[in-house]
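Asks: Before we start, here is the structure in question, set down as structure tokens.
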Amino acid sequence: LPLEERFRQESTTPDPTVWQQQEGSLAIHDNTAVSTDKFDSTMTIRSEPVADVTLRSFVDLRSGGKRARLIARQIAPDTYYSAELVVTRKGQMVLIYRYENGQRIQLGARRAPRRIGRLEFHLQGSQLSLYFRRELLVQVNDSVIAAAGSVGISAKGSGVRFANFFATA
């Protein structure tokens, strides 16, 4: 890291990014990752261990889907932090969760202002911050998952679009 991915399908130069599809399907169309599964779709970057990261992505839920998520410090399939943008009947929410041993623990939440924009998740030591459209919405402290892991993206529902993905450590 640092890493910048605009979801290129083909490249003439070597690309250090290796995406691993874990479930569902994210198709690449016009340099955009688009979820095509009505359930969960998850991709993580393989062979990129990180401890403290800043993740950024431009997310669009207008064309479908209910949730977009950035994943950080994944040390096992069910142990990681996530920053989530969720569409509900009352509007849109941003949340920070810790997933551990099959349990989801909400660390922070707040209403989000719009349905399209840049979702950012910052981990600095034990502090986790979630920004949407460059506005700090949620900030929590939690250091349960201390080991380095990979980073990635996830979507629930078909039509969620990730136009780019940036990871900096």
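Numbering starts fresh at 1 for the residues of each chain in the structure tokens, the chains themselves are lettered A, B, ... in the order given, and ligands are numbered from 1 as they appear.
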I'd like a table as a Markdown table: residues in range 95-139 of chain A with an atom no more than 8 Å from range 42-58 of chain A, each row giving the shortest atom pair and its distance in Å to one decimal, only C-alpha atoms counted, sorted by chain and rising residue number.
Replies:
| residue | atom | partner | partner_atom | distance |
| --- | --- | --- | --- | --- |
| A:Ile116 | CA | A:Phe58 | CA | 7.7 |
| A:Gly117 | CA | A:Phe58 | CA | 5.5 |
| A:Arg118 | CA | A:Phe58 | CA | 4.2 |
| A:Leu119 | CA | A:Ser57 | CA | 5.4 |
| A:Glu120 | CA | A:Arg56 | CA | 4.3 |
| A:Phe121 | CA | A:Leu55 | CA | 5.1 |
| A:His122 | CA | A:Thr54 | CA | 4.4 |
| A:Leu123 | CA | A:Asp52 | CA | 5.3 |
| A:Gln124 | CA | A:Asp52 | CA | 5.5 |
| A:Gly125 | CA | A:Asp52 | CA | 6.4 |
Asks: The selected residues should be written to file as a PDB file, in the first residue's frame (atoms: N, CA, C and O atoms).
Replies:
ATOM      1  N   ILE A 116     -25.416   8.992  -2.729  1.00  0.00           N
ATOM      2  CA  ILE A 116     -24.271   8.804  -3.615  1.00  0.00           C
ATOM      3  C   ILE A 116     -23.133   9.655  -3.079  1.00  0.00           C
ATOM      4  O   ILE A 116     -23.359  10.755  -2.583  1.00  0.00           O
ATOM      5  N   GLY A 117     -21.928   9.135  -3.112  1.00  0.00           N
ATOM      6  CA  GLY A 117     -20.806   9.913  -2.619  1.00  0.00           C
ATOM      7  C   GLY A 117     -19.647   9.030  -2.228  1.00  0.00           C
ATOM      8  O   GLY A 117     -19.653   7.827  -2.474  1.00  0.00           O
ATOM      9  N   ARG A 118     -18.671   9.624  -1.602  1.00  0.00           N
ATOM     10  CA  ARG A 118     -17.463   8.897  -1.220  1.00  0.00           C
ATOM     11  C   ARG A 118     -17.593   8.402   0.210  1.00  0.00           C
ATOM     12  O   ARG A 118     -17.765   9.181   1.137  1.00  0.00           O
ATOM     13  N   LEU A 119     -17.528   7.105   0.364  1.00  0.00           N
ATOM     14  CA  LEU A 119     -17.524   6.471   1.673  1.00  0.00           C
ATOM     15  C   LEU A 119     -16.071   6.251   2.069  1.00  0.00           C
ATOM     16  O   LEU A 119     -15.302   5.668   1.302  1.00  0.00           O
ATOM     17  N   GLU A 120     -15.655   6.723   3.245  1.00  0.00           N
ATOM     18  CA  GLU A 120     -14.276   6.584   3.704  1.00  0.00           C
ATOM     19  C   GLU A 120     -14.259   5.984   5.099  1.00  0.00           C
ATOM     20  O   GLU A 120     -15.056   6.344   5.948  1.00  0.00           O
ATOM     21  N   PHE A 121     -13.318   5.083   5.326  1.00  0.00           N
ATOM     22  CA  PHE A 121     -13.166   4.402   6.605  1.00  0.00           C
ATOM     23  C   PHE A 121     -11.708   4.548   7.010  1.00  0.00           C
ATOM     24  O   PHE A 121     -10.820   4.086   6.305  1.00  0.00           O
ATOM     25  N   HIS A 122     -11.444   5.187   8.130  1.00  0.00           N
ATOM     26  CA  HIS A 122     -10.077   5.402   8.602  1.00  0.00           C
ATOM     27  C   HIS A 122      -9.840   4.579   9.860  1.00  0.00           C
ATOM     28  O   HIS A 122     -10.642   4.639  10.791  1.00  0.00           O
ATOM     29  N   LEU A 123      -8.762   3.831   9.898  1.00  0.00           N
ATOM     30  CA  LEU A 123      -8.325   3.147  11.107  1.00  0.00           C
ATOM     31  C   LEU A 123      -6.951   3.693  11.475  1.00  0.00           C
ATOM     32  O   LEU A 123      -6.001   3.564  10.708  1.00  0.00           O
ATOM     33  N   GLN A 124      -6.859   4.328  12.624  1.00  0.00           N
ATOM     34  CA  GLN A 124      -5.579   4.815  13.131  1.00  0.00           C
ATOM     35  C   GLN A 124      -5.442   4.283  14.544  1.00  0.00           C
ATOM     36  O   GLN A 124      -6.074   4.787  15.469  1.00  0.00           O
ATOM     37  N   GLY A 125      -4.632   3.236  14.703  1.00  0.00           N
ATOM     38  CA  GLY A 125      -4.537   2.587  16.002  1.00  0.00           C
ATOM     39  C   GLY A 125      -5.873   1.968  16.356  1.00  0.00           C
ATOM     40  O   GLY A 125      -6.392   1.125  15.640  1.00  0.00           O
TER      41      GLY A 125
END
Asks: For the structure I just gave you, how does DSSP split chain A - specifically, which residues are strand (DSSP E or B)? Reply as number ranges by chain.
Replies: A: 3-5, 19-23, 26-29, 32-35, 40-45, 50, 54-60, 67-76, 79-88, 91-100, 103-112, 116-124, 127-132, 135-141, 149-156, 161-168
Asks: Residues near range 4-6 of chain A, anyone? I mean within 6 Å using only C-alpha atoms, not counting same-chain ones fewer than 5 positions away, as a count of residues only.
Replies: 4
Asks: Find the residues near Gln74 in chain A: any atom within 9 Å, counting only C-alpha atoms, skip ones fewer than 5 places away on the same chain, and give them as a PyMOL selection string.
Replies: chain A and resi 44+79-81+145+147-152
Asks: So which one's closest to Gly102 in chain A, A:Pro77, A:Lys90, A:Leu61, A:Ala83? Using only C-alpha atoms, please.
Replies: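 Once distances to Gly102 in chain A are computed over only C-alpha atoms, the minimum belongs to A:Pro77.
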Asks: Point out the residue among A:Pro2, A:Gly24, A:Gly64, A:Gly91 with the least atom-to-atom distance to Ile153 in chain A, counting only C-alpha atoms.
Replies: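 Using only C-alpha atoms, the shortest distance to Ile153 in chain A belongs to A:Gly24.
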Asks: Please identify all polymer residues within 8 Å of Tyr97 in chain A, counting only C-alpha atoms, omitting same-chain residues fewer than 6 positions from it, and present them as a PyMOL selection string.
Replies: chain A and resi 81-84+104-108
Asks: Please produce an output containing C-alpha atoms for each residue in the selection, written as an mmCIF file, in the first residue's frame.
Replies:
data_model
loop_
_atom_site.group_PDB
_atom_site.id
_atom_site.type_symbol
_atom_site.label_atom_id
_atom_site.label_comp_id
_atom_site.auth_asym_id
_atom_site.auth_seq_id
_atom_site.Cartn_x
_atom_site.Cartn_y
_atom_site.Cartn_z
ATOM 1 C CA TYR A 81 -14.292 -4.243 10.928
ATOM 2 C CA SER A 82 -16.692 -2.783 8.405
ATOM 3 C CA ALA A 83 -17.949 0.670 7.522
ATOM 4 C CA GLU A 84 -21.406 0.434 6.013
ATOM 5 C CA ARG A 104 -22.082 -8.435 14.625
ATOM 6 C CA ILE A 105 -21.401 -5.697 17.164
ATOM 7 C CA GLN A 106 -22.435 -2.155 16.275
ATOM 8 C CA LEU A 107 -19.811 0.347 17.385
ATOM 9 C CA GLY A 108 -21.379 3.516 15.986
#
Asks: Which residue, A:Ala109, A:Ala169, A:Met93, A:Leu85, has the smallest gap to Leu70 in chain A when you use only C-alpha atoms?
Replies: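 Using only C-alpha atoms, the shortest distance to Leu70 in chain A belongs to A:Leu85.
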Asks: Counting only C-alpha atoms, which of A:Gly159, A:Lys66, A:Ala112, A:Arg8 gets nearest to Arg134 in chain A?
Replies: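 Among the listed residues, A:Ala112 lies closest to Arg134 in chain A.
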